[in-house]
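S.K.: Below you will find the structure I want to go over with you.
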Amino acid sequence: MKYQQLENLECGWKWSYLISKWKNGESITCHLDSSEAQSAIKKLKKLESEPTKVEDWIEQHMSQELDTKLKQAIRAKRKRHFNAEQIHTKKKSIDLDYRVWEKLSTRSNELGCTLSDAIEYLLSEASRSEKASKAVSSLKEDLSKLLD
């Protein structure tokens with residue numbers, strides 16, 4: 001397995017995930033009776049400081065429909081957590097207007113590369129163009145000095 005499973009950390013993530021789902025109004029328990037569901041939610045809330053007991057709560061009270069979603073969310077969280085440890089694997093985000101993203105996407109498709117590769121390519125091309133422009137300007141200045 002590529003990413004190590006850390007029980008305490010992941011139990012905390014599971015607790016947070018379940019609480020956020022509950023706050024968003026989703027049913028997180030397998031209980032049909034609302035009083036049983038509320039009782040289970042109260043138990044879950046009390047487990048905030050005891051993350052390892054969340055696993056027991058999940059086995060006893062969590063809705064089966066939520067099982068797959070919880071596993072996917074924890075897998076994604078684990079991946080982001082371990083990737084964030086190193087600068088080259090850490091996920092970065094930039095804010096682009098849609099029209100800019102569209103142009104960049106078109107350009108990356110033309111080049112047959114990713115958006116990141118396209119940005120890197122365009123920056124290096126701009127840098128080369130700027131250096132060439134400076135060299136031409138310098139040559140023009142030198143030429144005009146020689147002619148004067």
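Lettering and numbering for the structure tokens are positional, with chains as A, B, ... in the shown order, residues counted from 1 in each chain, and ligands counted from 1 in the shown order.
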Which residues come within 12 Å of A:Ala37, counting only C-alpha atoms, excluding same-chain residues fewer than 6 positions away, as a PyMOL selection string?

M.R.: chain A and resi 22+26-31+43-44+60-63

S.K.: For a test of reading the model, state the distance in Å between atom CA of A:Lys14 and atom CA of A:Lys71, rounded to one decimal.

M.R.: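 That distance, rounded to one decimal, is 8.9 Å.
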
S.K.: Could you give me, as a tab-separated table, a per-residue list for stretch 23-101 of chain A showing, wherever an atom lies at most 12 Å from an atom of stretch 107-116 of chain A, the closest pair of atoms and their distance in Å to one decimal, using only C-alpha atoms and sorting by chain then residue number from low to high?

M.R.:
residue	atom	partner	partner_atom	distance
A:Lys91	CA	A:Ser116	CA	11.9
A:Lys92	CA	A:Ser116	CA	10.7
A:Ser93	CA	A:Ser116	CA	11.0
A:Ile94	CA	A:Ser116	CA	10.9
A:Leu96	CA	A:Leu115	CA	11.9
A:Val100	CA	A:Arg107	CA	10.6
A:Trp101	CA	A:Leu115	CA	8.9

S.K.: Could you write those residues out with all heavy atoms, as a PDB file, in the first residue's frame?

M.R.:
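Writing done, so here's again.pdb:
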ATOM      1  N   LYS A  91      -0.569  19.457  -3.462  1.00  0.00           N
ATOM      2  CA  LYS A  91      -1.509  20.021  -4.434  1.00  0.00           C
ATOM      3  C   LYS A  91      -1.536  21.530  -4.295  1.00  0.00           C
ATOM      4  O   LYS A  91      -1.643  22.063  -3.211  1.00  0.00           O
ATOM      5  CB  LYS A  91      -2.905  19.458  -4.191  1.00  0.00           C
ATOM      6  CG  LYS A  91      -3.932  19.969  -5.164  1.00  0.00           C
ATOM      7  CD  LYS A  91      -4.646  18.843  -5.803  1.00  0.00           C
ATOM      8  CE  LYS A  91      -5.744  19.365  -6.672  1.00  0.00           C
ATOM      9  NZ  LYS A  91      -5.649  18.872  -7.997  1.00  0.00           N
ATOM     10  N   LYS A  92      -1.392  22.202  -5.414  1.00  0.00           N
ATOM     11  CA  LYS A  92      -1.459  23.654  -5.426  1.00  0.00           C
ATOM     12  C   LYS A  92      -2.695  24.072  -6.218  1.00  0.00           C
ATOM     13  O   LYS A  92      -3.160  23.338  -7.066  1.00  0.00           O
ATOM     14  CB  LYS A  92      -0.228  24.270  -6.113  1.00  0.00           C
ATOM     15  CG  LYS A  92       1.056  24.146  -5.326  1.00  0.00           C
ATOM     16  CD  LYS A  92       1.654  22.843  -5.597  1.00  0.00           C
ATOM     17  CE  LYS A  92       3.014  22.629  -4.998  1.00  0.00           C
ATOM     18  NZ  LYS A  92       3.411  21.252  -5.119  1.00  0.00           N
ATOM     19  N   SER A  93      -3.196  25.225  -5.943  1.00  0.00           N
ATOM     20  CA  SER A  93      -4.352  25.686  -6.708  1.00  0.00           C
ATOM     21  C   SER A  93      -4.111  27.125  -7.142  1.00  0.00           C
ATOM     22  O   SER A  93      -3.430  27.884  -6.458  1.00  0.00           O
ATOM     23  CB  SER A  93      -5.630  25.585  -5.886  1.00  0.00           C
ATOM     24  OG  SER A  93      -5.557  26.445  -4.790  1.00  0.00           O
ATOM     25  N   ILE A  94      -4.648  27.445  -8.302  1.00  0.00           N
ATOM     26  CA  ILE A  94      -4.583  28.815  -8.794  1.00  0.00           C
ATOM     27  C   ILE A  94      -5.982  29.235  -9.205  1.00  0.00           C
ATOM     28  O   ILE A  94      -6.808  28.401  -9.556  1.00  0.00           O
ATOM     29  CB  ILE A  94      -3.596  28.972  -9.982  1.00  0.00           C
ATOM     30  CG1 ILE A  94      -3.949  28.018 -11.124  1.00  0.00           C
ATOM     31  CG2 ILE A  94      -2.168  28.747  -9.523  1.00  0.00           C
ATOM     32  CD1 ILE A  94      -3.127  28.210 -12.370  1.00  0.00           C
ATOM     33  N   LEU A  96      -8.195  30.929 -11.819  1.00  0.00           N
ATOM     34  CA  LEU A  96      -8.234  31.356 -13.223  1.00  0.00           C
ATOM     35  C   LEU A  96      -9.650  31.740 -13.618  1.00  0.00           C
ATOM     36  O   LEU A  96     -10.611  31.086 -13.210  1.00  0.00           O
ATOM     37  CB  LEU A  96      -7.786  30.221 -14.152  1.00  0.00           C
ATOM     38  CG  LEU A  96      -6.352  29.729 -14.053  1.00  0.00           C
ATOM     39  CD1 LEU A  96      -6.167  28.534 -14.973  1.00  0.00           C
ATOM     40  CD2 LEU A  96      -5.388  30.826 -14.436  1.00  0.00           C
ATOM     41  N   VAL A 100      -9.634  32.356 -19.435  1.00  0.00           N
ATOM     42  CA  VAL A 100      -8.203  32.089 -19.385  1.00  0.00           C
ATOM     43  C   VAL A 100      -7.961  30.586 -19.340  1.00  0.00           C
ATOM     44  O   VAL A 100      -7.108  30.054 -20.059  1.00  0.00           O
ATOM     45  CB  VAL A 100      -7.546  32.774 -18.157  1.00  0.00           C
ATOM     46  CG1 VAL A 100      -6.102  32.368 -18.009  1.00  0.00           C
ATOM     47  CG2 VAL A 100      -7.688  34.279 -18.251  1.00  0.00           C
ATOM     48  N   TRP A 101      -8.739  29.887 -18.498  1.00  0.00           N
ATOM     49  CA  TRP A 101      -8.612  28.439 -18.422  1.00  0.00           C
ATOM     50  C   TRP A 101      -8.902  27.811 -19.779  1.00  0.00           C
ATOM     51  O   TRP A 101      -8.217  26.880 -20.210  1.00  0.00           O
ATOM     52  CB  TRP A 101      -9.576  27.876 -17.369  1.00  0.00           C
ATOM     53  CG  TRP A 101      -9.626  26.379 -17.417  1.00  0.00           C
ATOM     54  CD1 TRP A 101      -8.776  25.507 -16.826  1.00  0.00           C
ATOM     55  CD2 TRP A 101     -10.558  25.590 -18.167  1.00  0.00           C
ATOM     56  NE1 TRP A 101      -9.121  24.217 -17.132  1.00  0.00           N
ATOM     57  CE2 TRP A 101     -10.206  24.240 -17.955  1.00  0.00           C
ATOM     58  CE3 TRP A 101     -11.650  25.887 -18.976  1.00  0.00           C
ATOM     59  CZ2 TRP A 101     -10.917  23.194 -18.539  1.00  0.00           C
ATOM     60  CZ3 TRP A 101     -12.351  24.848 -19.557  1.00  0.00           C
ATOM     61  CH2 TRP A 101     -11.988  23.525 -19.330  1.00  0.00           C
TER      62      TRP A 101
END

S.K.: Using only C-alpha atoms, find the one residue out of A:Arg78, A:Lys134, A:Lys45, A:Arg99 that sits nearest to A:Leu18.

M.R.: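 That would be A:Lys45, the residue with the smallest distance to A:Leu18.
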
S.K.: To test your reading of the structure, identify every residue in chain A that backbone DSSP assigns to helix (DSSP H, G or I), and report it as JSON, numbers by chain.

M.R.: {"A": [7, 8, 9, 10, 11, 12, 13, 14, 15, 16, 17, 18, 19, 20, 21, 22, 23, 34, 35, 36, 37, 38, 39, 40, 41, 42, 43, 44, 45, 46, 47, 48, 49, 51, 52, 53, 54, 55, 56, 57, 58, 59, 60, 61, 64, 65, 66, 67, 68, 69, 70, 71, 72, 73, 74, 75, 76, 77, 78, 79, 80, 81, 82, 83, 98, 99, 100, 101, 102, 103, 104, 105, 106, 107, 108, 109, 110, 111, 115, 116, 117, 118, 119, 120, 121, 122, 123, 124, 125, 126, 127, 128, 129, 130, 131, 132, 133, 134, 135, 136, 137, 138, 139, 140, 141, 142, 143, 144, 145, 146, 147]}

S.K.: Can you work out the spacing between atom CA of A:Ala40 and atom CA of A:Arg80 in Å, to one decimal?

M.R.: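 Interatomic distance here is 29.8 Å.
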
S.K.: Any idea what's packed within 12 Å of A:Trp13, counting only C-alpha atoms, ignoring anything in its chain fewer than 5 positions away? Could you give it as a list in words?

M.R.: Gln5, Leu6, Glu7, Asn8, Leu18, Ile19, Ser20, Glu48, Pro51, Thr52, Val54, Glu55, Leu70, Lys71, Gln72, Ala73, Ile74, Arg75, Ala76, Lys77, Arg78 and His81 of chain A

S.K.: Work out how far atom CA of A:Ile87 is from atom CA of A:Lys131, in Å to one decimal.

M.R.: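 A separation of 29.5 Å between them.
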
S.K.: Return the single residue from A:Leu47, A:Leu32, A:Leu104, A:Leu139 that is closest to A:Ser16, with distances computed using only C-alpha atoms.

M.R.: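 Looking only at the distances to A:Ser16, the closest residue turns out to be A:Leu47.
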